[in-house]
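Colleague: Take a look at this one; I'll ask things after.
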Amino acid sequence: MTTIAVSTTINGDDVEYLCHADESLLDVLRNRLGLMGSKEGCGTGDCGACSTMLDGRIVCSCLVLGAEAEGREIETIEGMAHGHDLHPLQTKFLEHAALQCGICTPGFLMAAKALLDVNPDPTEEEIRFWLAGNLCRCTGYDKIVRAVQDAAAEMRGDAA
Amino acid sequence: MSFDASYNEKELNAVGTRPVRPDGVDKVTGRARYGADYNMPGQLVARVLRSPHAHARILRIDTSQAEALKGVKAVVTAADLPDLTDGDASLFAILDNCMARTKALYDGHAVAAVAAIDVHVARKALKLIEVDYEVLPHVVDVDLAMAPDAPVLDETIITKGVTPAPDAPSNVFAHSEFGHGDVAAGFAKADEIVERTFKTEQTHQGYIEPHACVASCNSDGSAEMWVCTQGPFVYRQVCADLLGLEVSKLKVTSSEIGGGFGGKTHVWAEPVALALSRKAGRPVKLVMSRNEVFRASGPTSATSIDVKIGATKDGTITAAEATLRYTSGPYPDTWAETGAMTAFACYDLENVKTVGIEVLVNRPKVAAYRAPSAPMAAFAVESAIDSLAHKIGIDAVDFRIKNAAREGTRSSYGPVYGPIGIGPTLEAAKAHAHMSAPLGKNQGRGMACGFWFNFGGQTCTDLNISADGTVTLSVGTVDVGGSRASLSMIAAEELGIAYEDVKAGVADTASLGYNDMTDGSRGTFSSSMATISAARNAIAVMKQRAALMWDIPVEDIEWKDGQAHAVGASHDNLAPLSVKDIAAKAGNTGGPIAGHSELVADGAGVSFGTHICDVEVDPETGATRVIRYTVIQDAGKAVHPAYVEGQYQGGAAQGIGWALNEEYIYGEDGRLQNAGFLDYRIPVCSDLPMIDTQILEIPNPNHPYGVRGVGETSIVPPLAAVANAVSDAVGVRMTHVPISPPRILAALKAQR
Amino acid sequence: MRYERPETLEDAVGLLSATPERSHILAGGTDLLVRMKNDDFDADLVVDIKRIAGMGEIARTDAGFVIGAAVPCAKLAEDAALVAAWPGVVEAANLIGSTQIQSRCTMTGNLCNAGPAADSVPALVAVDARVKIVGPEGNRIIPARDVPVGPGQTSLAPGEIVAAIVLPEPAPQTGSAYLRFIPRTEMDIAVVGTAVVLTRDADGTVASARVALGAVGPRVIVPDDAAQMLVGTTLDDDTLARFEAACSDAATPIDDKRGTVAFRKEVAGVLARRAAKIAYDRAGETQ
């Protein structure tokens, strides 16, 4: 199978790679670029563990072809913290014990960030429905929802 | 060194706080490495060919075309995994499950595997393998499998545990029986009796991370494996046994684990990956697809359970009896036996009898799932208890309180209980605001209790003190939900140092003595016991070092608040020595300072929980929403309360999914219809309310801090709690889990 | 397999016409990429139409709302005029999959995938949407209802592409609604889907009604006799009861992993009744 040359932007950096026509963006990130923070839980868009931003919208990178990324902007979990400065969502997930095994955590963080980008003050119901495409089998979601609420409040500057 | 594990009440500083876990930053930044996140130089990609038939004799496998394909480096079948099990039936079942030998026994059973230079070649190679099957009649339903005309999976199975022994083979592997007293006499004394049959469908653990490993066999007979597992030492032993490797020459490293819940206590494809690597002479990476995870790994039993309970009008249970039929997949196992042991464990019963019946079916080999076998038994028993309470006109909580087991009760499965938490969890439920909150239209409330044994087992830890006085703790129990945090806290507590100065990690099998796997809620219980022991051993060493530094007798040194103190009038003016002080001088006082511990953590301490559930049911569609949920459970001592709450909430969520929507659905052809997260419906975020928790602490007398396992019990009550709530809301007793909308509407229609 | 990213519809049609078998159109990819994961999947060509001008746009023209074939469903909810005109269509499209899927999935893909349980299709049929098709033999416009002809089967000829879906401007006092049944609250495929479009007269009685039922037959079912029961009424209880029964009767579902025949027939009636009330109320809120 011949490969396709792709030029794209990942976490703000120019990136070029070669990929097969049938290769998913998730496989490109993990296998070609070493960005293994995005996880494959199902490969069919049902679990959200591979959630990444594509041109400002949250997507399952398992359901995007690597070739489609030409000229686009991609953000992954690896770009969420700035150096040692964690994003408030990352900090709140740690403080609230919002992860147990942690395999779903990168996807949840990316999806939650996408929510707070468009809705800085979501209700519990809005959080729950927005995150319905991210499966967690460990926590029962309680602490995840609380961490998102708390991070949102902090980002809005509300007193805790 | 001898170690006294008995409970000793004292003030604790680190234990009971909620620090950030040591592996936390890696997990929120995407740096933590799970099963599929590891690669080796020259690694090949493995794919497995699986049977499309539920039951079929394998007449011929021709792999020659696949082997000839450019880029294919190895193809294996059962012929490459010779039977070295030497009559060990359970080991043979693992071997046969990894790679079908003479018959494919379920849809998804592995029949061959390839290792190739990339996934495209591997996929192409799978299509070139020819398998001739003779399709045989199959059976997937537990009751149908017991019928006289059912196709028999294994002609060598003659039911054990019945006299006289049957003269013909069947799918019933064994009967087991538990109990005491005379149930017939007990029922004769009852004023009211409830007798019902219940059914539960097969569920999957549903861990988000599929099974994944990288296996590498060397020409010198050594091998290593990176794998997501709950038990690297157990995987090492099983793989070495099946492959004929020397145990110590196989090094197994457990990756970060993306959920297990029991499903990663059993080997699945790991021996196949090793066999491929051995044949190819290169490392092999094998990652299951989600479809393979559902079809070929880890489901629970499907069950069919008869329960009969009698009570007098004053609410005293006079007799209780249950017959529990559990599927075990296509191989003999003891899942019904476990269910039969747990069924009535919450109650103090004069006359009780349970019979477990193990049934073989053409479904995947059953695996442990969080308190395995207990949720189904609890569903049947707690539903019947609820019905009986209504029948005699007594409040369901009061009825349970009146009959609850207590210290000194002889349990239905044999042992006499020490201090236990069932009574206190029930009293807490009765007093909980949830219990008296008003309900709206179409809403109902249910509650239920649950029991789990908990386990201790073989445990080994190393505690090493670095030159700067910080501590590394190496444990052999895989961290499935925050145990590195709790064990770091325990080490800090025992040494008297700051939590931040301890870093706990999970060791590979070459770096630490044998550990049983993380099952039976034993991770924090057993490794904390070994950590306390190791810390006390390290303290003994540090006292000796302080004695050398001060040049005084070691008997004059006391360890307090993380420091060596010289005691006695003659040493008054010696300033205490901290861990840092002692560690800094270690090179001159005898070398590195460490504490080790090897022990069998006995006395795990049984666990009880009580759950309260409110639901709202749409009577026109059967749609059910859980609108409020409360978990009350005894933790013995909650080391890191946030992660204890997390275990309570997670188990409750899994149980709610089991109760309402999760089930394996088979077609007429015996093929699994819903091998994916789209149609195997685990709860999503919008399905659940916040899950309230209440932690009770009734110290376990057999642990220095009173710790009990907390991981599993929380999945036991929800099936019944939800069923009781739905039954309350719609006015019909629901006896078949999952209580899906079609089942609710059908039950309502039948009642009209 | 080749991946192509043409910049014009003509080029896309040319590519597909040159490889009539084993070729696929890629817009959102939320169905196609799932199929690609299967070990048995084999294709020669995937044509990504997202870079073709207009494919990602919603335009309001004399013909109504022209929704490009690659418009992700999330974008529908961001178009206030479209939401005001056809809330039933937007809410149906927005029920497809998760937030992540919404960023990618398209109504055109939902239509051309021809799944019997597609959420947006009953809604499109109820509003009598049209589709613009371009192909090697020229362009044509057909009702959306005529695109799927059976499970996984469409009426499109080799080389043809649905370029856009066209929703008419609603008549005054028109309301639309879509309700579906799923066992969970999200992430499921519809067990039953019901779409209703109603137009009211000045006196509040229903002037016209159109109903479409999904997931209860191989194609969307349009029970015109049931819809006619609503005309001339104000949806009194008796009318709604007869309407519900008629919709249940019209449903011809199968037993499968998602539901039983009895359940689907019963719930089709219940949801059609509820959707009719919502559509009626919405009709009253519009000018």
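Ligands are numbered from 1 in the order shown, chains are lettered A, B, ... in the order of the structure tokens, and residues start at 1 in each chain.
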Please provide as a list in words all residues within 10 Å of Tyr280 of chain C, with the sequence filter that same-chain residues fewer than 6 positions apart are discarded (counting only C-alpha atoms).

Modeller: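 In the requested form, the answer reads Gln173, Thr174, Gly175, Ser176, Ala177, Val196, Val197, Leu198, Thr199, Arg200, Gly204, Thr205, Val206, Ala209, Thr234, Leu235 and Arg274 of chain C.
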
Colleague: Please identify all polymer residues within 8 Å of Ala43 of chain C, counting only C-alpha atoms, omitting same-chain residues fewer than 4 positions from it, and present them as a compact mmCIF listing (two decimals) with all heavy atoms, in the first residue's frame.

Modeller:
# COMPACT_ATOMS: atom_id res chain seq x y z
N MET C 1 -5.81 0.34 -1.09
CA MET C 1 -6.87 1.36 -1.07
C MET C 1 -6.27 2.76 -1.30
O MET C 1 -5.22 3.06 -0.74
CB MET C 1 -7.58 1.33 0.29
CG MET C 1 -8.79 2.22 0.38
SD MET C 1 -9.49 2.22 2.04
CE MET C 1 -8.95 3.81 2.61
N ARG C 22 -16.46 -1.16 -5.05
CA ARG C 22 -15.46 -1.06 -3.98
C ARG C 22 -14.94 0.36 -3.79
O ARG C 22 -13.75 0.55 -3.54
CB ARG C 22 -14.31 -2.04 -4.26
CG ARG C 22 -14.75 -3.51 -4.12
CD ARG C 22 -13.82 -4.47 -4.86
NE ARG C 22 -12.42 -4.29 -4.52
CZ ARG C 22 -11.79 -4.91 -3.52
NH1 ARG C 22 -12.45 -5.73 -2.74
NH2 ARG C 22 -10.53 -4.72 -3.30
N SER C 23 -15.82 1.34 -3.95
CA SER C 23 -15.42 2.72 -3.65
C SER C 23 -16.43 3.31 -2.68
O SER C 23 -17.58 2.90 -2.64
CB SER C 23 -15.35 3.55 -4.93
OG SER C 23 -16.59 3.55 -5.58
N HIS C 24 -15.95 4.24 -1.87
CA HIS C 24 -16.80 4.82 -0.83
C HIS C 24 -16.62 6.32 -0.77
O HIS C 24 -15.53 6.83 -1.00
CB HIS C 24 -16.44 4.23 0.54
CG HIS C 24 -16.64 2.76 0.63
ND1 HIS C 24 -17.83 2.19 1.00
CD2 HIS C 24 -15.79 1.73 0.40
CE1 HIS C 24 -17.72 0.87 0.98
NE2 HIS C 24 -16.48 0.57 0.62

Colleague: Set the distance at 8 Å and use only C-alpha atoms: which residues neighbour Cys228 of chain B once local chain neighbours fewer than 5 positions away are removed? I'd like the list as a CSV table (one decimal) with N, CA, C and O atoms, in the first residue's frame.

Modeller:
chain,number,residue,atom,x,y,z
B,34,TYR,N,0.1,2.0,29.3
B,34,TYR,CA,-0.8,0.9,29.5
B,34,TYR,C,-0.3,-0.3,28.6
B,34,TYR,O,0.8,-0.2,27.9
B,35,GLY,N,-1.1,-1.3,28.5
B,35,GLY,CA,-0.7,-2.5,27.8
B,35,GLY,C,-0.3,-2.3,26.4
B,35,GLY,O,0.7,-2.8,25.9
B,211,HIS,N,-7.3,-6.2,26.3
B,211,HIS,CA,-6.2,-7.0,26.6
B,211,HIS,C,-5.0,-6.7,25.6
B,211,HIS,O,-5.3,-6.6,24.4
B,212,ALA,N,-3.8,-6.5,26.1
B,212,ALA,CA,-2.7,-6.2,25.3
B,212,ALA,C,-1.4,-6.7,25.9
B,212,ALA,O,-1.3,-6.7,27.2
B,213,CYS,N,-0.5,-7.2,25.1
B,213,CYS,CA,0.8,-7.6,25.6
B,213,CYS,C,1.8,-7.5,24.5
B,213,CYS,O,1.5,-7.5,23.4
B,254,SER,N,4.0,-5.8,34.7
B,254,SER,CA,2.6,-5.3,34.5
B,254,SER,C,2.6,-3.9,34.1
B,254,SER,O,3.3,-3.0,34.7
B,255,SER,N,1.9,-3.6,33.0
B,255,SER,CA,1.7,-2.2,32.6
B,255,SER,C,0.7,-1.5,33.5
B,255,SER,O,0.2,-2.1,34.4
B,256,GLU,N,0.6,-0.2,33.3
B,256,GLU,CA,-0.6,0.4,34.0
B,256,GLU,C,-1.8,-0.4,33.4
B,256,GLU,O,-1.8,-0.8,32.3
B,257,ILE,N,-2.8,-0.6,34.3
B,257,ILE,CA,-3.9,-1.4,33.8
B,257,ILE,C,-5.2,-0.6,33.7
B,257,ILE,O,-5.6,0.2,34.6
B,258,GLY,N,-5.8,-0.7,32.5
B,258,GLY,CA,-6.9,0.1,32.2
B,258,GLY,C,-8.2,-0.6,32.6
B,258,GLY,O,-9.1,-0.7,31.8
B,264,LYS,N,-8.9,-9.5,34.3
B,264,LYS,CA,-7.4,-9.6,33.9
B,264,LYS,C,-6.7,-10.4,35.0
B,264,LYS,O,-5.5,-10.1,35.3

Colleague: Identify, on the basis of only C-alpha atoms, every residue whose closest approach to Leu388 of chain B does not exceed 10 Å; exclude the query and any residue fewer than 5 positions from it along the same chain; express the result as a list in words.

Modeller: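 Surrounding residues, per the criterion: Glu192, Ile193, Val194, Glu195, Lys308, Ile309, Gly310, Ala311, Gly315, Ile317, Glu382, Ser383, Gly393, Ile394, Ala396 and Phe399 of chain B.
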
Colleague: Give me the chain A side of the contact with chain C, cut-off 9 Å, one line per residue showing its nearest atom pair and distance in Å at one decimal, counting only C-alpha atoms, sorted by chain and residue number, as a tab-separated table.

Modeller:
residue	atom	partner	partner_atom	distance
A:Met1	CA	C:Met1	CA	7.1
A:Thr2	CA	C:Arg2	CA	8.1
A:Ile4	CA	C:Tyr3	CA	8.3
A:His20	CA	C:Met1	CA	8.5
A:Ala21	CA	C:Tyr3	CA	5.3
A:Asp22	CA	C:Met1	CA	7.1
A:Ser24	CA	C:Leu33	CA	8.2
A:Gly43	CA	C:Lys37	CA	7.2
A:Thr44	CA	C:Val34	CA	5.1
A:Gly45	CA	C:Ile101	CA	7.2
A:Asp46	CA	C:Met187	CA	7.4
A:Gly48	CA	C:Gln100	CA	7.5
A:Ser51	CA	C:Gln100	CA	7.3
A:Thr52	CA	C:Gln100	CA	8.9
A:Leu54	CA	C:Ser103	CA	8.9
A:Arg57	CA	C:Ser103	CA	5.9
A:Ile58	CA	C:Gln100	CA	5.2
A:Val59	CA	C:Gln100	CA	4.2
A:Cys60	CA	C:Gln100	CA	5.7
A:Cys62	CA	C:Leu33	CA	8.0
A:Leu63	CA	C:Leu33	CA	5.5
A:Val64	CA	C:Gly29	CA	6.9
A:Leu65	CA	C:Leu33	CA	8.0
A:Ala67	CA	C:Tyr3	CA	7.6
A:Glu68	CA	C:Asp48	CA	8.0
A:Ala111	CA	C:Gln100	CA	8.1
A:Phe129	CA	C:Glu186	CA	7.4
A:Trp130	CA	C:Thr99	CA	5.9
A:Leu131	CA	C:Thr99	CA	7.3
A:Ala132	CA	C:Glu186	CA	6.4
A:Gly133	CA	C:Ser98	CA	4.7
A:Asn134	CA	C:Ser98	CA	8.3

Colleague: Pull the helix (DSSP H, G or I) assignments for segment 239-341 of chain B out of DSSP run on the backbone, and list those residues as a ChimeraX atom specification.

Modeller: /B:239-243,247-249,270-280,290-296,335-341

Colleague: Check every residue of chain A for an atom within 7 Å of chain B, counting only C-alpha atoms, and provide those that qualify as a VMD selection string.

Modeller: chain A and resid 36 to 37 41 to 42 46 77 to 78 90 94 to 95 97 100 to 103 105 to 106 128 to 129 131 to 132 135 137 to 142

Colleague: Would you output that residue set with N, CA and C atoms, as an mmCIF file, in the first residue's frame?

Modeller:
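The result, stored in part-v7.cif:
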data_model
loop_
_atom_site.group_PDB
_atom_site.id
_atom_site.type_symbol
_atom_site.label_atom_id
_atom_site.label_comp_id
_atom_site.auth_asym_id
_atom_site.auth_seq_id
_atom_site.Cartn_x
_atom_site.Cartn_y
_atom_site.Cartn_z
ATOM 1 N N MET A 36 1.057 8.668 22.612
ATOM 2 C CA MET A 36 0.251 7.532 23.054
ATOM 3 C C MET A 36 -0.718 7.876 24.172
ATOM 4 N N GLY A 37 -0.870 9.168 24.444
ATOM 5 C CA GLY A 37 -1.843 9.560 25.457
ATOM 6 C C GLY A 37 -3.278 9.332 25.018
ATOM 7 N N GLY A 41 -9.992 2.291 23.054
ATOM 8 C CA GLY A 41 -10.805 1.392 23.872
ATOM 9 C C GLY A 41 -11.746 0.545 23.045
ATOM 10 N N CYS A 42 -12.081 1.050 21.833
ATOM 11 C CA CYS A 42 -13.052 0.294 21.027
ATOM 12 C C CYS A 42 -12.758 0.363 19.539
ATOM 13 N N ASP A 46 -17.265 4.453 20.174
ATOM 14 C CA ASP A 46 -18.242 4.239 21.244
ATOM 15 C C ASP A 46 -17.722 4.560 22.638
ATOM 16 N N ILE A 77 -4.032 15.226 24.213
ATOM 17 C CA ILE A 77 -3.808 15.333 25.660
ATOM 18 C C ILE A 77 -2.394 15.797 25.962
ATOM 19 N N GLU A 78 -1.456 15.451 25.077
ATOM 20 C CA GLU A 78 -0.061 15.840 25.335
ATOM 21 C C GLU A 78 0.118 17.359 25.304
ATOM 22 N N GLN A 90 -6.987 19.139 34.751
ATOM 23 C CA GLN A 90 -6.059 18.083 35.180
ATOM 24 C C GLN A 90 -5.864 18.125 36.690
ATOM 25 N N LEU A 94 -7.141 15.274 39.642
ATOM 26 C CA LEU A 94 -6.276 14.691 40.672
ATOM 27 C C LEU A 94 -6.845 14.941 42.065
ATOM 28 N N GLU A 95 -7.261 16.174 42.317
ATOM 29 C CA GLU A 95 -7.759 16.519 43.653
ATOM 30 C C GLU A 95 -9.028 15.754 44.021
ATOM 31 N N ALA A 97 -9.903 12.823 42.919
ATOM 32 C CA ALA A 97 -9.772 11.375 42.695
ATOM 33 C C ALA A 97 -10.724 10.936 41.578
ATOM 34 N N GLN A 100 -9.550 6.298 38.386
ATOM 35 C CA GLN A 100 -9.066 5.111 39.086
ATOM 36 C C GLN A 100 -8.021 4.436 38.208
ATOM 37 N N CYS A 101 -8.462 3.725 37.161
ATOM 38 C CA CYS A 101 -7.450 3.097 36.311
ATOM 39 C C CYS A 101 -6.790 4.120 35.401
ATOM 40 N N GLY A 102 -7.526 5.149 35.013
ATOM 41 C CA GLY A 102 -6.942 6.248 34.255
ATOM 42 C C GLY A 102 -6.936 6.092 32.743
ATOM 43 N N ILE A 103 -7.416 4.974 32.221
ATOM 44 C CA ILE A 103 -7.334 4.777 30.764
ATOM 45 C C ILE A 103 -8.287 5.725 30.030
ATOM 46 N N THR A 105 -9.098 8.674 31.176
ATOM 47 C CA THR A 105 -8.864 10.036 31.655
ATOM 48 C C THR A 105 -8.455 11.023 30.554
ATOM 49 N N PRO A 106 -7.496 10.684 29.674
ATOM 50 C CA PRO A 106 -7.153 11.650 28.626
ATOM 51 C C PRO A 106 -8.374 12.046 27.780
ATOM 52 N N ARG A 128 -23.116 15.932 32.022
ATOM 53 C CA ARG A 128 -23.347 14.498 31.862
ATOM 54 C C ARG A 128 -23.673 14.141 30.415
ATOM 55 N N PHE A 129 -24.490 14.941 29.752
ATOM 56 C CA PHE A 129 -24.825 14.605 28.358
ATOM 57 C C PHE A 129 -23.655 14.886 27.418
ATOM 58 N N LEU A 131 -20.573 14.550 28.119
ATOM 59 C CA LEU A 131 -19.561 13.507 28.336
ATOM 60 C C LEU A 131 -20.103 12.088 28.135
ATOM 61 N N ALA A 132 -21.314 11.972 27.608
ATOM 62 C CA ALA A 132 -21.918 10.640 27.483
ATOM 63 C C ALA A 132 -21.157 9.747 26.500
ATOM 64 N N LEU A 135 -16.730 6.724 27.967
ATOM 65 C CA LEU A 135 -17.073 5.682 28.928
ATOM 66 C C LEU A 135 -16.022 5.595 30.024
ATOM 67 N N ARG A 137 -15.497 2.953 33.363
ATOM 68 C CA ARG A 137 -16.047 1.769 34.018
ATOM 69 C C ARG A 137 -15.677 1.720 35.493
ATOM 70 N N CYS A 138 -14.801 2.635 35.927
ATOM 71 C CA CYS A 138 -14.303 2.551 37.309
ATOM 72 C C CYS A 138 -15.076 3.431 38.288
ATOM 73 N N THR A 139 -15.396 4.656 37.894
ATOM 74 C CA THR A 139 -15.760 5.661 38.896
ATOM 75 C C THR A 139 -17.251 5.851 39.112
ATOM 76 N N GLY A 140 -18.076 5.370 38.189
ATOM 77 C CA GLY A 140 -19.493 5.713 38.279
ATOM 78 C C GLY A 140 -19.753 7.172 37.945
ATOM 79 N N TYR A 141 -18.735 7.870 37.433
ATOM 80 C CA TYR A 141 -18.796 9.236 36.904
ATOM 81 C C TYR A 141 -18.935 10.327 37.966
ATOM 82 N N ASP A 142 -19.316 9.966 39.175
ATOM 83 C CA ASP A 142 -19.608 10.979 40.206
ATOM 84 C C ASP A 142 -18.439 11.963 40.360
#

Colleague: At a cut-off of 9 Å, using only C-alpha atoms, what residues contact Ser373 of chain B? Leave out same-chain residues fewer than 6 positions from it and give the result as an MDAnalysis selection string.

Modeller: chainID B and resid 300:301 326 335:340 342 716

Colleague: Please find the residues of chain C near chain B - the criterion being any atom within 7 Å, counting only C-alpha atoms - and write them as a PyMOL selection string.

Modeller: chain C and resi 39+183-185+187-188+257+259-260+263+267+270

Colleague: Excluding segment 131-145 of chain C and its own-chain neighbours fewer than 5 positions away, which residues fall within 12 Å of it when counting only C-alpha atoms? Please give them as a ChimeraX atom specification.

Modeller: /C:8-18,20,55,63-69,107-112,114,116,120-126,150,154-168,212-214,219-222

Colleague: Which residues are close to Asn702 of chain B, i.e. within 6 Å by only C-alpha atoms, leaving aside same-chain residues fewer than 5 positions away? Reply as a PyMOL selection string.

Modeller: chain B and resi 5-7+603

Colleague: What separation in Å, quoted to one decimal, exists between atom CA of Gly54 of chain C and atom CA of Lys75 of chain C?

Modeller: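 Computed distance, atom CA of Gly54 of chain C to atom CA of Lys75 of chain C, equals 13.8 Å.
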